[in-house]
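Heads up, input.csv below (CSV, C-alpha atoms):
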chain,number,residue,atom,x,y,z
B,1,MET,CA,-37.0,41.4,9.0
B,2,LYS,CA,-33.9,41.8,11.2
B,3,ASN,CA,-35.5,39.6,13.8
B,4,PHE,CA,-36.2,36.9,11.1
B,5,ILE,CA,-32.5,36.9,10.0
B,6,TYR,CA,-31.4,36.7,13.6
B,7,VAL,CA,-33.6,33.7,14.3
B,8,ALA,CA,-32.4,32.0,11.0
B,9,VAL,CA,-28.8,32.3,12.0
B,10,ILE,CA,-29.5,30.8,15.4
B,11,VAL,CA,-31.3,27.8,13.8
B,12,LEU,CA,-28.4,27.2,11.4
B,13,CYS,CA,-25.9,27.2,14.2
B,14,MET,CA,-28.0,24.7,16.2
B,15,ALA,CA,-28.4,22.3,13.3
B,16,PRO,CA,-26.2,19.1,13.6
B,17,PHE,CA,-24.4,19.9,10.4
B,18,GLY,CA,-25.1,23.6,10.4
B,19,GLY,CA,-22.8,26.2,8.7
B,20,CYS,CA,-21.7,27.4,12.1
B,21,LYS,CA,-19.7,24.2,12.8
B,22,SER,CA,-16.0,24.5,12.2
B,23,LYS,CA,-14.3,22.3,9.7
B,24,GLU,CA,-12.6,20.6,12.6
B,25,GLU,CA,-15.9,19.8,14.3
B,26,LYS,CA,-17.4,18.5,11.0
B,27,ALA,CA,-14.4,16.3,10.5
B,28,GLU,CA,-14.4,14.9,14.0
B,29,ILE,CA,-18.1,13.8,13.6
B,30,LEU,CA,-17.0,11.5,10.7
B,31,ILE,CA,-13.8,10.5,12.4
B,32,LYS,CA,-15.5,9.4,15.6
B,33,ASP,CA,-17.9,7.2,13.6
B,34,TYR,CA,-14.8,5.7,11.9
B,35,MET,CA,-13.0,5.1,15.2
B,36,PHE,CA,-16.1,3.5,16.7
B,37,LYS,CA,-16.0,0.9,14.0
B,38,HIS,CA,-12.2,0.3,14.0
B,39,LEU,CA,-10.7,0.9,17.5
B,40,TYR,CA,-10.2,-2.0,19.9
B,41,ASP,CA,-11.3,0.2,22.9
B,42,PHE,CA,-13.4,3.1,21.6
B,43,GLU,CA,-14.4,4.1,25.1
B,44,SER,CA,-10.7,5.1,25.8
B,45,TYR,CA,-10.5,7.2,22.6
B,46,GLU,CA,-9.3,10.8,23.3
B,47,ILE,CA,-8.8,13.4,20.6
B,48,VAL,CA,-5.4,15.2,20.9
B,49,GLU,CA,-5.5,17.4,17.9
B,50,THR,CA,-7.3,17.8,14.6
B,51,LYS,CA,-6.0,20.0,11.8
B,52,VAL,CA,-7.9,20.6,8.6
B,53,ASP,CA,-6.4,21.7,5.3
B,54,SER,CA,-7.4,21.8,1.7
B,55,CYS,CA,-6.7,18.5,-0.1
B,56,TYR,CA,-5.6,18.0,-3.7
B,57,THR,CA,-5.2,14.8,-5.5
B,58,SER,CA,-1.6,13.4,-5.4
B,59,LEU,CA,0.1,10.2,-6.3
B,60,PHE,CA,1.0,9.6,-2.7
B,61,LYS,CA,-2.5,9.9,-1.4
B,62,ASP,CA,-4.1,7.8,-4.1
B,63,PRO,CA,-5.3,4.5,-2.6
B,64,GLU,CA,-4.6,2.4,-5.7
B,65,ILE,CA,-1.1,3.8,-6.0
B,66,ARG,CA,-0.3,3.3,-2.3
B,67,HIS,CA,-1.5,-0.4,-2.6
B,68,ALA,CA,0.5,-0.9,-5.8
B,69,ALA,CA,3.7,0.6,-4.2
B,70,LEU,CA,3.4,-1.8,-1.2
B,71,GLN,CA,2.7,-4.7,-3.5
B,72,ALA,CA,5.8,-3.8,-5.6
B,73,LYS,CA,7.9,-3.9,-2.5
B,74,LYS,CA,6.4,-7.2,-1.4
B,75,TYR,CA,7.2,-8.9,-4.7
B,76,LEU,CA,10.7,-7.4,-4.9
B,77,ASP,CA,11.4,-8.8,-1.4
B,78,GLN,CA,10.1,-12.2,-2.6
B,79,SER,CA,12.3,-12.1,-5.7
B,80,THR,CA,15.3,-11.6,-3.4
B,81,GLU,CA,14.4,-14.8,-1.5
B,82,TYR,CA,13.8,-16.8,-4.6
B,83,ARG,CA,17.2,-15.7,-6.0
B,84,LYS,CA,18.9,-17.1,-2.8
B,85,GLU,CA,17.0,-20.4,-3.4
B,86,GLN,CA,18.1,-20.4,-7.0
B,87,GLU,CA,21.8,-19.8,-6.1
B,88,TYR,CA,21.7,-22.5,-3.4
B,89,ALA,CA,20.2,-25.0,-5.9
B,90,GLU,CA,22.8,-24.1,-8.5
B,91,ASN,CA,25.6,-24.7,-6.0
B,92,THR,CA,24.1,-28.0,-5.1
B,93,MET,CA,24.0,-29.0,-8.7
B,94,ASP,CA,27.7,-28.1,-9.1
B,95,ILE,CA,28.6,-30.3,-6.1
B,96,TRP,CA,26.9,-33.4,-7.5
B,97,SER,CA,27.5,-32.8,-11.2
B,98,ASP,CA,30.9,-34.7,-11.3
B,99,SER,CA,29.7,-37.8,-9.4
B,100,TRP,CA,28.2,-40.8,-11.2
B,101,SER,CA,26.7,-42.9,-8.4
B,102,SER,CA,22.9,-43.4,-8.4
B,103,TYR,CA,22.8,-41.3,-5.2
B,104,SER,CA,24.6,-38.4,-6.7
B,105,ARG,CA,22.5,-38.5,-9.8
B,106,LYS,CA,19.4,-38.4,-7.6
B,107,ARG,CA,20.8,-35.4,-5.7
B,108,TYR,CA,21.6,-33.6,-8.9
B,109,LYS,CA,18.2,-34.2,-10.3
B,110,GLU,CA,16.5,-32.9,-7.1
B,111,ALA,CA,18.7,-29.8,-7.2
B,112,ARG,CA,17.9,-29.2,-10.8
B,113,GLU,CA,14.2,-29.3,-10.1
B,114,GLU,CA,14.7,-26.9,-7.2
B,115,TYR,CA,16.6,-24.6,-9.4
B,116,LYS,CA,13.8,-24.7,-12.0
B,117,GLU,CA,11.1,-24.0,-9.4
B,118,ALA,CA,13.1,-21.2,-7.9
B,119,SER,CA,13.7,-19.7,-11.3
B,120,ILE,CA,10.0,-19.8,-12.2
B,121,ASN,CA,9.1,-18.2,-8.9
B,122,LEU,CA,11.8,-15.6,-9.3
B,123,SER,CA,10.4,-14.6,-12.8
B,124,LYS,CA,6.8,-14.6,-11.5
B,125,SER,CA,7.6,-12.3,-8.5
B,126,PHE,CA,9.7,-10.0,-10.7
B,127,LYS,CA,6.8,-9.8,-13.2
B,128,SER,CA,4.3,-9.0,-10.4
B,129,HIS,CA,6.7,-6.3,-9.1
B,130,ASN,CA,6.8,-4.6,-12.5
B,131,GLU,CA,3.1,-5.0,-13.0
B,132,ASN,CA,2.5,-3.0,-9.9
B,133,LEU,CA,5.1,-0.4,-11.0
B,134,LEU,CA,3.1,-0.2,-14.3
B,135,ILE,CA,-0.1,0.6,-12.4
B,136,ILE,CA,1.7,3.6,-10.7
B,137,LYS,CA,3.2,4.7,-14.0
B,138,ASN,CA,-0.1,4.6,-15.9
B,139,LYS,CA,-1.8,6.7,-13.3
B,140,SER,CA,1.1,9.2,-13.2
B,141,ILE,CA,0.9,9.9,-16.9
B,142,ASN,CA,-0.9,13.2,-17.5
B,143,PHE,CA,-1.7,13.4,-13.8
B,144,GLU,CA,-3.2,16.7,-12.8
B,145,SER,CA,-3.7,17.8,-9.2
B,146,GLU,CA,-7.2,19.0,-8.4
B,147,PHE,CA,-9.2,19.9,-5.2
B,148,ILE,CA,-11.1,16.9,-3.9
B,149,GLY,CA,-11.9,18.0,-0.3
B,150,TRP,CA,-10.1,18.2,2.9
B,151,GLU,CA,-7.1,16.4,4.5
B,152,VAL,CA,-7.4,16.1,8.2
B,153,ASN,CA,-4.4,15.3,10.4
B,154,HIS,CA,-5.9,13.7,13.4
B,155,SER,CA,-3.9,12.6,16.5
B,156,PHE,CA,-5.5,10.7,19.4
B,157,ARG,CA,-4.9,8.5,22.4
B,158,CYS,CA,-6.6,5.1,23.0
B,159,LYS,CA,-5.9,1.9,24.9
B,160,ASN,CA,-4.4,-1.0,23.0
B,161,ARG,CA,-5.1,-4.7,23.6
B,162,GLY,CA,-2.6,-4.6,26.5
B,163,GLY,CA,-4.6,-2.0,28.2
B,164,ASN,CA,-2.0,0.7,27.8
B,165,PHE,CA,-2.5,4.1,26.2
B,166,SER,CA,-0.8,4.6,22.8
B,167,LEU,CA,-0.7,7.6,20.5
B,168,GLY,CA,-2.1,7.3,17.0
B,169,ASN,CA,-1.8,9.7,14.0
B,170,TYR,CA,-4.1,9.3,11.0
B,171,LEU,CA,-4.5,11.4,7.9
B,172,PHE,CA,-8.2,11.4,6.8
B,173,ILE,CA,-9.2,12.5,3.3
B,174,ILE,CA,-12.7,13.8,3.5
B,175,ASP,CA,-15.0,14.9,0.6
B,176,LYS,CA,-15.8,18.6,-0.1
B,177,ASN,CA,-19.0,18.7,1.9
B,178,PHE,CA,-17.8,16.7,4.9
B,179,THR,CA,-20.3,13.9,4.2
B,180,LYS,CA,-17.9,10.9,3.9
B,181,ILE,CA,-14.3,9.7,4.4
B,182,ILE,CA,-12.6,9.0,1.1
B,183,ASN,CA,-9.4,7.5,2.4
B,184,VAL,CA,-7.5,6.9,5.6
B,185,ILE,CA,-3.7,6.9,5.8
B,186,ASP,CA,-2.0,5.6,9.0
B,187,ASP,CA,1.1,7.6,9.8
B,188,ASP,CA,2.6,4.4,11.2
B,189,GLU,CA,2.6,2.8,7.8
B,190,ASP,CA,5.8,2.6,5.9
B,191,ASN,CA,5.2,5.8,4.0
B,192,ASP,CA,8.9,6.1,3.1
B,193,THR,CA,8.6,2.8,1.2
B,194,ILE,CA,5.6,4.1,-0.7
B,195,LEU,CA,7.5,7.2,-1.7
B,196,VAL,CA,10.5,5.1,-2.9
B,197,PHE,CA,8.4,2.9,-5.1
B,198,ILE,CA,6.4,5.8,-6.5
B,199,GLY,CA,9.7,7.3,-7.4
B,200,LEU,CA,11.0,4.1,-8.9
B,201,ALA,CA,7.9,3.7,-11.1
B,202,THR,CA,7.7,7.3,-12.3
B,203,GLY,CA,11.5,7.4,-13.0
B,204,LYS,CA,11.1,4.7,-15.7
B,205,SER,CA,9.4,4.9,-19.0
B,206,LYS,CA,6.2,2.9,-19.6
B,207,GLU,CA,8.0,1.0,-22.4
B,208,GLU,CA,10.8,0.0,-20.1
B,209,ILE,CA,8.5,-1.4,-17.5
B,210,GLU,CA,6.4,-3.2,-20.2
B,211,GLU,CA,9.6,-4.7,-21.6
B,212,SER,CA,10.5,-6.1,-18.2
B,213,ILE,CA,7.1,-7.7,-17.9
B,214,LEU,CA,7.3,-9.3,-21.3
B,215,SER,CA,10.8,-10.6,-20.6
B,216,SER,CA,9.6,-12.2,-17.4
B,217,THR,CA,6.6,-13.7,-19.2
B,218,LYS,CA,8.9,-15.3,-21.8
B,219,ALA,CA,11.2,-16.6,-19.1
B,220,ILE,CA,8.3,-18.3,-17.3
B,221,GLU,CA,7.0,-19.9,-20.4
B,222,HIS,CA,10.5,-21.2,-21.3
B,223,LEU,CA,11.2,-22.6,-17.8
B,224,GLU,CA,7.8,-24.3,-17.6
B,225,SER,CA,8.4,-26.0,-20.9
B,226,MET,CA,11.7,-27.5,-19.8
B,227,HIS,CA,11.7,-31.2,-18.8
Is it possible to give me this structure as structure tokens?
Amino acid sequence: MKNFIYVAVIVLCMAPFGGCKSKEEKAEILIKDYMFKHLYDFESYEIVETKVDSCYTSLFKDPEIRHAALQAKKYLDQSTEYRKEQEYAENTMDIWSDSWSSYSRKRYKEAREEYKEASINLSKSFKSHNENLLIIKNKSINFESEFIGWEVNHSFRCKNRGGNFSLGNYLFIIDKNFTKIINVIDDDEDNDTILVFIGLATGKSKEEIEESILSSTKAIEHLESMH
């Protein structure tokens, strides 16, 4: 009986996904497959360090929330540019508003159309900004953290397109049984920005965000109806 148990333990340890493999080894099997599909020069791929820890759901690690946060920033940046266009068109309208030549009337009309277009785009971008904040807010309501698997901090070296070695740092979210990668977070991404917009969304009430979306919708409808 003792010999049977001894042999069984050896067999398990020799199996590709046997229980004797460490969490790090199990994670690296999945990660290497991911790197093979995504790295420019996989042959130069060198593991520097792999650390495995328990992973619990969080707003920051949620793929939909991360995407919404980055989209919220994109649309907010767009609204800043449209506001500049709006102000420029408004100033141009002021310049030509007191002149009565056909040329001045033409310039005024052009500036007025530019002002209208910039105003519509401004409202649309601000609406999209708030719609993405609402996605974050809705997911944050009654949010409860729960164990979903393992988070793996993985640092590595590989050659870039220029042929030079660079250091990469990824956070892999892996399921409980080490069978698949749930999400990949690149440490080089603008994670500070994501945190800021998660904070912005969760710091507002759902009603406040919805009111902003409704206000933008009404503004767009009003502007588009103007002749």
Query - Spatial neighbours of Pro63 of chain B, max dist 10 Å, all atoms listed in the file, sep filter under 2 positions, as a ChimeraX atom specification - result: /B:59-61,65-69,182-185
Resulting file, chosen residues, C-alpha atoms, as a JSON list (two decimals), in the frame of the given file:
[["chain", "number", "residue", "atom", "x", "y", "z"],
["B", 59, "LEU", "CA", 0.10, 10.20, -6.30],
["B", 60, "PHE", "CA", 1.00, 9.60, -2.70],
["B", 61, "LYS", "CA", -2.50, 9.90, -1.40],
["B", 65, "ILE", "CA", -1.10, 3.80, -6.00],
["B", 66, "ARG", "CA", -0.30, 3.30, -2.30],
["B", 67, "HIS", "CA", -1.50, -0.40, -2.60],
["B", 68, "ALA", "CA", 0.50, -0.90, -5.80],
["B", 69, "ALA", "CA", 3.70, 0.60, -4.20],
["B", 182, "ILE", "CA", -12.60, 9.00, 1.10],
["B", 183, "ASN", "CA", -9.40, 7.50, 2.40],
["B", 184, "VAL", "CA", -7.50, 6.90, 5.60],
["B", 185, "ILE", "CA", -3.70, 6.90, 5.80]]
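Here the question is which of B:Leu70, B:Val48, B:Leu195, B:Ile213 gets nearest to Cys158 of chain B using all atoms listed in the file, and that residue is B:Val48.
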Query raised in the report: Between atom CA of Leu171 of chain B and atom CA of Phe143 of chain B, what is the spacing in Å?
Result: 22.0 Å
Query raised in the report: Could you name the residues that touch Ser205 of chain B at 12 Å or less, counting all atoms listed in the file, but leaving out those on the same chain fewer than 5 positions away, as a ChimeraX atom specification?
Result: /B:130,133-134,136-138,140-141,199-200,210-212
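For the pair atom CA of Ala72 of chain B and atom CA of Ser145 of chain B, the separation is 23.9 Å.
Using only C-alpha atoms, the smallest distance between any of B:Ile135, B:Leu167, B:Cys20, B:Leu122 and Ser216 of chain B comes from B:Leu122.
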Report summary line: Using all atoms listed in the file, the best pick from B:Val196, B:Leu214, B:Cys55, B:Ala118 as closest to Lys84 of chain B would be B:Ala118
Query raised in the report: By how many Å are atom CA of Ser215 of chain B and atom CA of Glu81 of chain B apart?
Result: 19.9 Å
Query raised in the report: Do you know which residues are at most 12 Å from Glu151 of chain B counting all atoms listed in the file, after dropping those on the same chain fewer than 5 positions away, and could you put them as a PyMOL selection string?
Result: chain B and resi 23-24+27+31+50-58+61+170-176+178+181-185
Residues from last step as file, C-alpha atoms, as an mmCIF file, keeping the file's coordinate frame:
data_model
loop_
_atom_site.group_PDB
_atom_site.id
_atom_site.type_symbol
_atom_site.label_atom_id
_atom_site.label_comp_id
_atom_site.auth_asym_id
_atom_site.auth_seq_id
_atom_site.Cartn_x
_atom_site.Cartn_y
_atom_site.Cartn_z
ATOM 1 C CA LYS B 23 -14.300 22.300 9.700
ATOM 2 C CA GLU B 24 -12.600 20.600 12.600
ATOM 3 C CA ALA B 27 -14.400 16.300 10.500
ATOM 4 C CA ILE B 31 -13.800 10.500 12.400
ATOM 5 C CA THR B 50 -7.300 17.800 14.600
ATOM 6 C CA LYS B 51 -6.000 20.000 11.800
ATOM 7 C CA VAL B 52 -7.900 20.600 8.600
ATOM 8 C CA ASP B 53 -6.400 21.700 5.300
ATOM 9 C CA SER B 54 -7.400 21.800 1.700
ATOM 10 C CA CYS B 55 -6.700 18.500 -0.100
ATOM 11 C CA TYR B 56 -5.600 18.000 -3.700
ATOM 12 C CA THR B 57 -5.200 14.800 -5.500
ATOM 13 C CA SER B 58 -1.600 13.400 -5.400
ATOM 14 C CA LYS B 61 -2.500 9.900 -1.400
ATOM 15 C CA TYR B 170 -4.100 9.300 11.000
ATOM 16 C CA LEU B 171 -4.500 11.400 7.900
ATOM 17 C CA PHE B 172 -8.200 11.400 6.800
ATOM 18 C CA ILE B 173 -9.200 12.500 3.300
ATOM 19 C CA ILE B 174 -12.700 13.800 3.500
ATOM 20 C CA ASP B 175 -15.000 14.900 0.600
ATOM 21 C CA LYS B 176 -15.800 18.600 -0.100
ATOM 22 C CA PHE B 178 -17.800 16.700 4.900
ATOM 23 C CA ILE B 181 -14.300 9.700 4.400
ATOM 24 C CA ILE B 182 -12.600 9.000 1.100
ATOM 25 C CA ASN B 183 -9.400 7.500 2.400
ATOM 26 C CA VAL B 184 -7.500 6.900 5.600
ATOM 27 C CA ILE B 185 -3.700 6.900 5.800
#
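Closest approach to His129 of chain B among B:Tyr82, B:Phe197, B:Tyr34, B:Phe42 is made by B:Phe197 (distances from only C-alpha atoms).
Using all atoms listed in the file, the shortest contact distance between Phe126 of chain B and any of B:Arg83, B:Lys37, B:Lys26, B:Arg107 is found at B:Arg83.
Among the candidates B:Thr179, B:Thr217, B:Asn121, B:Ser166, the one nearest to Asp41 of chain B when counting all atoms listed in the file is B:Ser166.
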Query raised in the report: Contacts of Arg105 of chain B at 12 Å or less, counting all atoms listed in the file, minus same-chain residues fewer than 4 places along, as a list in words?
Result: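 After dropping sequence-adjacent residues, the list is Thr92, Met93, Asp94, Ile95, Trp96, Ser97, Asp98, Ser99, Trp100, Ser101, Lys109, Glu110, Ala111 and Arg112 of chain B.
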Please reconstruct the missing atoms of segment 183-198 of chain B (target: N, CA, C and O atoms) and return them as a short mmCIF file (atom, residue, chain, number, x, y, z; two decimals), in the frame of the given file.
data_model
loop_
_atom_site.label_atom_id
_atom_site.label_comp_id
_atom_site.auth_asym_id
_atom_site.auth_seq_id
_atom_site.Cartn_x
_atom_site.Cartn_y
_atom_site.Cartn_z
N ASN B 183 -10.54 8.36 2.20
CA ASN B 183 -9.40 7.50 2.40
C ASN B 183 -8.81 7.77 3.80
O ASN B 183 -8.99 8.86 4.36
N VAL B 184 -8.14 6.76 4.35
CA VAL B 184 -7.50 6.90 5.60
C VAL B 184 -6.04 6.43 5.51
O VAL B 184 -5.79 5.32 5.04
N ILE B 185 -5.11 7.28 5.91
CA ILE B 185 -3.70 6.90 5.80
C ILE B 185 -3.13 6.94 7.24
O ILE B 185 -3.16 7.95 7.94
N ASP B 186 -2.63 5.79 7.67
CA ASP B 186 -2.00 5.60 9.00
C ASP B 186 -0.59 6.13 8.94
O ASP B 186 0.21 5.60 8.17
N ASP B 187 -0.25 7.11 9.76
CA ASP B 187 1.10 7.60 9.80
C ASP B 187 2.13 6.58 10.20
O ASP B 187 3.33 6.76 10.00
N ASP B 188 1.64 5.49 10.81
CA ASP B 188 2.60 4.40 11.20
C ASP B 188 2.91 3.49 10.08
O ASP B 188 3.76 2.62 10.22
N GLU B 189 2.23 3.62 8.96
CA GLU B 189 2.60 2.80 7.80
C GLU B 189 3.94 3.19 7.27
O GLU B 189 4.48 4.25 7.59
N ASP B 190 4.49 2.34 6.42
CA ASP B 190 5.80 2.60 5.90
C ASP B 190 5.67 3.57 4.69
O ASP B 190 5.81 3.20 3.52
N ASN B 191 5.40 4.82 5.02
CA ASN B 191 5.20 5.80 4.00
C ASN B 191 6.46 6.10 3.18
O ASN B 191 6.39 6.45 2.00
N ASP B 192 7.62 5.95 3.81
CA ASP B 192 8.90 6.10 3.10
C ASP B 192 9.02 5.12 1.97
O ASP B 192 9.48 5.44 0.87
N THR B 193 8.60 3.89 2.25
CA THR B 193 8.60 2.80 1.20
C THR B 193 7.73 3.18 0.05
O THR B 193 8.11 3.00 -1.11
N ILE B 194 6.56 3.69 0.36
CA ILE B 194 5.60 4.10 -0.70
C ILE B 194 6.22 5.15 -1.58
O ILE B 194 6.15 5.08 -2.81
N LEU B 195 6.85 6.14 -0.97
CA LEU B 195 7.50 7.20 -1.70
C LEU B 195 8.59 6.67 -2.63
O LEU B 195 8.75 7.10 -3.78
N VAL B 196 9.37 5.72 -2.10
CA VAL B 196 10.50 5.10 -2.90
C VAL B 196 9.97 4.45 -4.13
O VAL B 196 10.51 4.64 -5.23
N PHE B 197 8.91 3.65 -4.00
CA PHE B 197 8.40 2.90 -5.10
C PHE B 197 7.61 3.73 -6.11
O PHE B 197 7.55 3.41 -7.30
N ILE B 198 7.01 4.79 -5.62
CA ILE B 198 6.40 5.80 -6.50
C ILE B 198 7.49 6.40 -7.38
O ILE B 198 7.36 6.57 -8.59
#
